[in-house]
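query_2.cif, holding mmCIF, C-alpha atoms:
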```cif
data_run
#
loop_
_atom_site.group_PDB
_atom_site.id
_atom_site.type_symbol
_atom_site.label_atom_id
_atom_site.label_comp_id
_atom_site.auth_asym_id
_atom_site.auth_seq_id
_atom_site.Cartn_x
_atom_site.Cartn_y
_atom_site.Cartn_z
ATOM 1 C CA MET A 117 122.879 166.940 149.660
ATOM 2 C CA GLU A 118 119.109 166.717 149.398
ATOM 3 C CA SER A 119 117.532 166.689 145.954
ATOM 4 C CA GLN A 120 115.091 169.372 144.886
ATOM 5 C CA THR A 121 111.709 168.186 143.544
ATOM 6 C CA ILE A 122 110.296 169.521 140.275
ATOM 7 C CA THR A 123 106.732 168.537 139.343
ATOM 8 C CA ILE A 124 105.901 168.071 135.651
ATOM 9 C CA LEU A 125 102.352 167.492 134.369
ATOM 10 C CA LEU A 126 101.538 166.017 130.938
ATOM 11 C CA VAL A 127 98.008 166.717 129.690
ATOM 12 C CA GLY A 128 96.319 165.554 126.497
ATOM 13 C CA ASP A 129 93.875 163.067 125.042
ATOM 14 C CA GLU A 130 93.822 159.482 126.157
ATOM 15 C CA ARG A 131 96.033 157.360 123.873
ATOM 16 C CA CYS A 132 97.923 160.335 122.467
ATOM 17 C CA GLY A 133 101.231 158.716 123.480
ATOM 18 C CA LYS A 134 101.924 160.136 126.957
ATOM 19 C CA SER A 135 102.303 156.727 128.623
ATOM 20 C CA THR A 136 104.593 155.387 125.907
ATOM 21 C CA PHE A 137 106.705 158.562 126.105
ATOM 22 C CA LEU A 138 107.028 158.313 129.900
ATOM 23 C CA SER A 139 107.721 154.577 129.708
ATOM 24 C CA ARG A 140 110.495 155.095 127.184
ATOM 25 C CA ILE A 141 112.272 157.881 129.070
ATOM 26 C CA SER A 142 111.976 155.880 132.302
ATOM 27 C CA ARG A 143 114.452 153.352 130.869
ATOM 28 C CA GLY A 144 117.245 155.907 131.245
ATOM 29 C CA ARG A 145 119.139 158.365 129.115
ATOM 30 C CA HIS A 146 121.261 155.666 127.479
ATOM 31 C CA ASN A 147 118.076 154.103 126.003
ATOM 32 C CA LEU A 148 116.711 157.215 124.282
ATOM 33 C CA LYS A 149 118.356 156.663 120.892
ATOM 34 C CA GLY A 150 117.045 154.237 118.301
ATOM 35 C CA ARG A 151 114.153 151.817 118.295
ATOM 36 C CA ALA A 152 113.468 149.975 121.533
ATOM 37 C CA SER A 153 110.752 147.828 123.012
ATOM 38 C CA VAL A 154 108.551 149.738 125.417
ATOM 39 C CA ILE A 155 107.138 148.239 128.584
ATOM 40 C CA LEU A 156 104.294 150.527 129.627
ATOM 41 C CA LEU A 157 104.282 151.979 133.123
ATOM 42 C CA ARG A 158 101.114 151.596 135.153
ATOM 43 C CA ASP A 159 99.032 154.730 135.744
ATOM 44 C CA LEU A 160 98.629 153.731 139.392
ATOM 45 C CA ASP A 161 102.393 154.082 139.897
ATOM 46 C CA GLN A 162 102.316 157.831 139.411
ATOM 47 C CA PRO A 163 104.173 160.019 139.953
ATOM 48 C CA PHE A 164 106.896 158.609 137.752
ATOM 49 C CA ILE A 165 110.141 159.606 139.460
ATOM 50 C CA PHE A 166 113.339 160.490 137.613
ATOM 51 C CA ASP A 167 116.443 161.425 139.549
ATOM 52 C CA ILE A 168 118.647 163.841 137.606
ATOM 53 C CA ARG A 169 122.164 164.835 138.598
ATOM 54 C CA THR A 170 123.826 167.951 137.174
ATOM 55 C CA ARG A 171 126.849 170.023 138.108
ATOM 56 C CA ARG A 172 124.532 172.277 140.097
ATOM 57 C CA GLY A 173 123.032 169.483 142.178
ATOM 58 C CA GLU A 174 120.594 166.617 142.361
ATOM 59 C CA TYR A 175 116.984 166.941 141.290
ATOM 60 C CA ARG A 176 113.934 164.744 141.448
ATOM 61 C CA PHE A 177 111.525 165.099 138.530
ATOM 62 C CA GLU A 178 108.014 163.893 139.331
ATOM 63 C CA PHE A 179 106.032 163.277 136.129
ATOM 64 C CA TYR A 180 102.238 163.073 136.314
ATOM 65 C CA ASP A 181 99.731 162.715 133.515
ATOM 66 C CA THR A 182 95.971 163.090 133.324
ATOM 67 C CA SER A 183 95.545 159.356 134.067
ATOM 68 C CA SER A 184 96.943 159.909 137.552
ATOM 69 C CA PRO A 185 95.011 158.296 140.398
ATOM 70 C CA GLU A 186 95.145 161.701 142.079
ATOM 71 C CA SER A 187 93.197 164.543 140.527
ATOM 72 C CA TRP A 188 95.639 166.297 138.214
ATOM 73 C CA ARG A 189 93.597 169.477 138.642
ATOM 74 C CA LEU A 190 94.811 169.692 142.252
ATOM 75 C CA LEU A 191 98.487 169.640 141.284
ATOM 76 C CA ARG A 192 100.490 172.839 141.174
ATOM 77 C CA PRO A 193 103.182 171.738 138.717
ATOM 78 C CA ASP A 194 106.405 173.593 137.996
ATOM 79 C CA LEU A 195 106.052 172.718 134.282
ATOM 80 C CA VAL A 196 103.075 171.728 132.089
ATOM 81 C CA ILE A 197 103.440 169.802 128.818
ATOM 82 C CA LEU A 198 100.478 169.856 126.413
ATOM 83 C CA CYS A 199 100.605 166.589 124.397
ATOM 84 C CA TYR A 200 98.906 165.554 121.176
ATOM 85 C CA ASP A 201 99.065 162.688 118.665
ATOM 86 C CA ILE A 202 100.688 163.898 115.416
ATOM 87 C CA SER A 203 98.838 161.228 113.433
ATOM 88 C CA LEU A 204 95.401 162.358 114.601
ATOM 89 C CA ARG A 205 94.137 165.848 113.777
ATOM 90 C CA LEU A 206 91.328 165.540 116.352
ATOM 91 C CA SER A 207 94.002 165.231 119.046
ATOM 92 C CA LEU A 208 95.474 168.589 117.994
ATOM 93 C CA ILE A 209 92.009 170.186 117.900
ATOM 94 C CA ASN A 210 91.280 168.848 121.405
ATOM 95 C CA LEU A 211 94.611 170.241 122.568
ATOM 96 C CA GLN A 212 93.545 173.695 121.412
ATOM 97 C CA ARG A 213 89.902 173.596 122.477
ATOM 98 C CA VAL A 214 90.045 171.467 125.631
ATOM 99 C CA TRP A 215 93.450 170.768 127.178
ATOM 100 C CA ASN A 216 95.036 174.192 126.824
ATOM 101 C CA LYS A 217 91.989 175.819 128.419
ATOM 102 C CA GLU A 218 91.695 173.094 131.091
ATOM 103 C CA ALA A 219 95.303 173.524 132.157
ATOM 104 C CA ARG A 220 95.153 177.301 132.204
ATOM 105 C CA THR A 221 91.682 177.858 133.695
ATOM 106 C CA ALA A 222 91.708 175.040 136.267
ATOM 107 C CA GLY A 223 94.442 176.916 138.094
ATOM 108 C CA VAL A 224 97.009 174.267 137.212
ATOM 109 C CA THR A 225 99.285 176.818 135.575
ATOM 110 C CA GLY A 226 100.270 179.982 137.335
ATOM 111 C CA ASP A 227 101.406 183.183 135.676
ATOM 112 C CA THR A 228 105.005 182.002 135.723
ATOM 113 C CA THR A 229 104.482 178.299 134.945
ATOM 114 C CA PRO A 230 106.096 177.379 131.620
ATOM 115 C CA VAL A 231 103.871 175.509 129.161
ATOM 116 C CA LEU A 232 105.461 173.339 126.470
ATOM 117 C CA MET A 233 103.690 171.681 123.530
ATOM 118 C CA LEU A 234 104.739 168.160 122.561
ATOM 119 C CA GLY A 235 103.722 166.267 119.426
ATOM 120 C CA LEU A 236 103.942 162.518 120.007
ATOM 121 C CA LYS A 237 103.933 159.571 117.570
ATOM 122 C CA ARG A 238 106.051 161.412 115.005
ATOM 123 C CA ASP A 239 106.717 158.074 113.291
ATOM 124 C CA LEU A 240 103.006 157.835 112.388
ATOM 125 C CA ARG A 241 102.848 161.133 110.474
ATOM 126 C CA SER A 242 101.247 160.171 107.167
ATOM 127 C CA GLU A 243 100.907 161.850 103.784
ATOM 128 C CA ASP A 244 97.764 159.757 103.250
ATOM 129 C CA ASP A 245 95.767 161.209 106.156
ATOM 130 C CA PRO A 246 92.306 162.185 104.795
ATOM 131 C CA ASN A 247 92.110 165.033 107.335
ATOM 132 C CA GLY A 248 95.390 166.478 106.122
ATOM 133 C CA ILE A 249 98.866 165.924 107.410
ATOM 134 C CA ILE A 250 99.949 167.956 110.429
ATOM 135 C CA TYR A 251 103.279 169.460 109.439
ATOM 136 C CA PRO A 252 105.630 170.803 112.142
ATOM 137 C CA GLN A 253 105.110 174.364 110.860
ATOM 138 C CA GLU A 254 101.360 174.176 111.498
ATOM 139 C CA ALA A 255 101.846 172.733 114.981
ATOM 140 C CA TYR A 256 104.479 175.385 115.766
ATOM 141 C CA ARG A 257 102.036 178.129 114.684
ATOM 142 C CA ILE A 258 99.340 176.651 116.934
ATOM 143 C CA ALA A 259 101.812 176.461 119.822
ATOM 144 C CA GLN A 260 102.483 180.181 119.353
ATOM 145 C CA GLU A 261 98.759 180.964 119.229
ATOM 146 C CA MET A 262 98.287 179.053 122.496
ATOM 147 C CA ARG A 263 101.207 181.010 123.974
ATOM 148 C CA SER A 264 103.302 177.908 124.610
ATOM 149 C CA ASP A 265 106.911 178.507 125.566
ATOM 150 C CA LYS A 266 108.277 175.845 123.209
ATOM 151 C CA TYR A 267 107.145 173.345 120.570
ATOM 152 C CA MET A 268 108.711 169.871 120.344
ATOM 153 C CA GLU A 269 107.904 166.561 118.690
ATOM 154 C CA CYS A 270 109.278 163.028 118.858
ATOM 155 C CA SER A 271 108.565 159.330 118.548
ATOM 156 C CA ALA A 272 108.936 157.238 121.694
ATOM 157 C CA VAL A 273 108.848 154.026 119.648
ATOM 158 C CA THR A 274 111.587 154.848 117.105
ATOM 159 C CA GLY A 275 113.530 157.229 119.343
ATOM 160 C CA GLU A 276 113.405 159.976 116.706
ATOM 161 C CA LEU A 277 114.138 163.329 118.439
ATOM 162 C CA LEU A 278 113.467 161.686 121.827
ATOM 163 C CA GLU A 279 116.818 162.650 123.338
ATOM 164 C CA GLU A 280 116.442 166.257 122.172
ATOM 165 C CA VAL A 281 112.924 166.496 123.628
ATOM 166 C CA PHE A 282 114.084 165.022 126.932
ATOM 167 C CA ASP A 283 116.951 167.549 127.061
ATOM 168 C CA ASP A 284 114.536 170.439 126.343
ATOM 169 C CA ILE A 285 112.189 169.285 129.092
ATOM 170 C CA CYS A 286 115.060 168.925 131.581
ATOM 171 C CA THR A 287 116.520 172.328 130.691
ATOM 172 C CA THR A 288 113.156 174.071 131.054
ATOM 173 C CA ALA A 289 112.344 172.196 134.265
ATOM 174 C CA LEU A 290 115.675 173.159 135.824
ATOM 175 C CA ARG A 291 115.135 176.796 134.863
ATOM 176 C CA THR A 292 111.805 176.830 136.744
ATOM 177 C CA ILE A 293 113.673 176.814 140.055
ATOM 178 C CA THR A 294 115.941 179.728 139.150
ATOM 179 C CA SER A 295 115.168 183.411 139.595
ATOM 180 C CA GLU A 296 114.585 183.885 135.834
ATOM 181 C CA GLY A 297 112.052 181.040 135.690
ATOM 182 C CA GLY A 298 111.346 178.606 132.874
ATOM 183 C CA GLN A 299 109.163 180.716 130.637
ATOM 184 C CA SER A 300 110.522 181.801 127.297
ATOM 185 C CA GLU A 301 111.186 185.405 126.562
ATOM 186 C CA GLY A 302 108.460 187.198 124.705
ATOM 187 C CA GLY A 303 104.922 188.147 125.407
ATOM 188 C CA CYS A 304 103.581 191.655 125.708
ATOM 189 C CA VAL A 305 105.485 194.553 127.133
ATOM 190 C CA ILE A 306 103.819 197.780 128.138
ATOM 191 C CA LEU A 307 106.002 200.816 127.508
#
```
Take the structure I supplied and represent it as structure tokens, if you would.
Amino acid sequence: MESQTITILLVGDERCGKSTFLSRISRGRHNLKGRASVILLRDLDQPFIFDIRTRRGEYRFEFYDTSSPESWRLLRPDLVILCYDISLRLSLINLQRVWNKEARTAGVTGDTTPVLMLGLKRDLRSEDDPNGIIYPQEAYRIAQEMRSDKYMECSAVTGELLEEVFDDICTTALRTITSEGGQSEGGCVIL
């Protein structure tokens, strides 16, 4: 049985944690819990390939990020993940003002492409941040304003919520190849 390919694009500021996240999940599902050393993947090795086997079949997830040697604007991904650094408010602002618009206006996302929002570096969330702490409720509200299909956050270094985020990404990615698609329910309905 031949595996079906699903393309996933991560966009966000440089150093927001995308590479560490991808490096950590590349070590396999059994390494998602708890603290672990992370050996960073090289950007030139993109796409990062993950073979997933479910009861329904075999799938190949191809993860790209904006540091790809190929132009990420030319990709037509099945799933887009908007990433930001939880410990840096400017990263969240750039996600709203730059990356969300880039992904949606560059033609990367189609009308049916699901868009997820992912807060990275959860372990660095600080009460002492002079720009104000970014609580999950604020990020969730922003995700709704940007019309994201789901909001998630995790720490690739400590493993906090990493397994849950990986499961959410896999579930959404697998739904993109079904007739119902991967987008969440909601949006506007004209009666």
Show which residues sit within 8 Å of range 123-126 of chain A, as a PyMOL selection string. Count all atoms listed in the file, and ignore same-chain residues fewer than 2 positions away. chain A and resi 121+128+134+177-182+188+192-199+289
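Here CA of Leu278 in chain A is placed at a distance of 23.7 Å from CA of Ile293 in chain A.
Using all atoms listed in the file, the nearest neighbour of Glu130 in chain A within the list A:Gln212, A:Thr287, A:Ser207, A:Thr294 is A:Ser207.
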So, with only C-alpha atoms as the atoms that count, which of A:Arg176, A:Arg263, A:Arg131, A:Arg189 lies closest to Thr221 in chain A? A:Arg189
Could you check which of A:Arg145, A:Arg220, A:Arg291, A:Lys237 is closest to Ser264 in chain A, using all atoms listed in the file? A:Arg220
Selection result of the PyMOL selection byres ((chain A and resi 269) around 12) on this file, as a PyMOL selection string: chain A and resi 133+137+197-203+232-241+250-253+255-256+259+266-268+270-272+275-282+284-285
Ground truth for the PyMOL selection byres ((chain A and resi 170) around 12), written as a count of residues only: 14
Using all atoms listed in the file, which of the listed residues (A:Ile165, A:Ala152, A:Met262, A:Thr292) sits closest to Lys217 in chain A?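 Between A:Ile165, A:Ala152, A:Met262, A:Thr292, the residue approaching Lys217 in chain A most closely is A:Met262.
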Between CA of Asp245 in chain A and CA of Leu204 in chain A, distance in Å (one decimal):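 Taking CA of Asp245 in chain A and CA of Leu204 in chain A, their separation equals 8.5 Å.
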One decimal, in Å: what's the spacing between CA of Arg205 in chain A and CA of Ser139 in chain A?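 CA of Ser139 in chain A lies 23.8 Å from CA of Arg205 in chain A.
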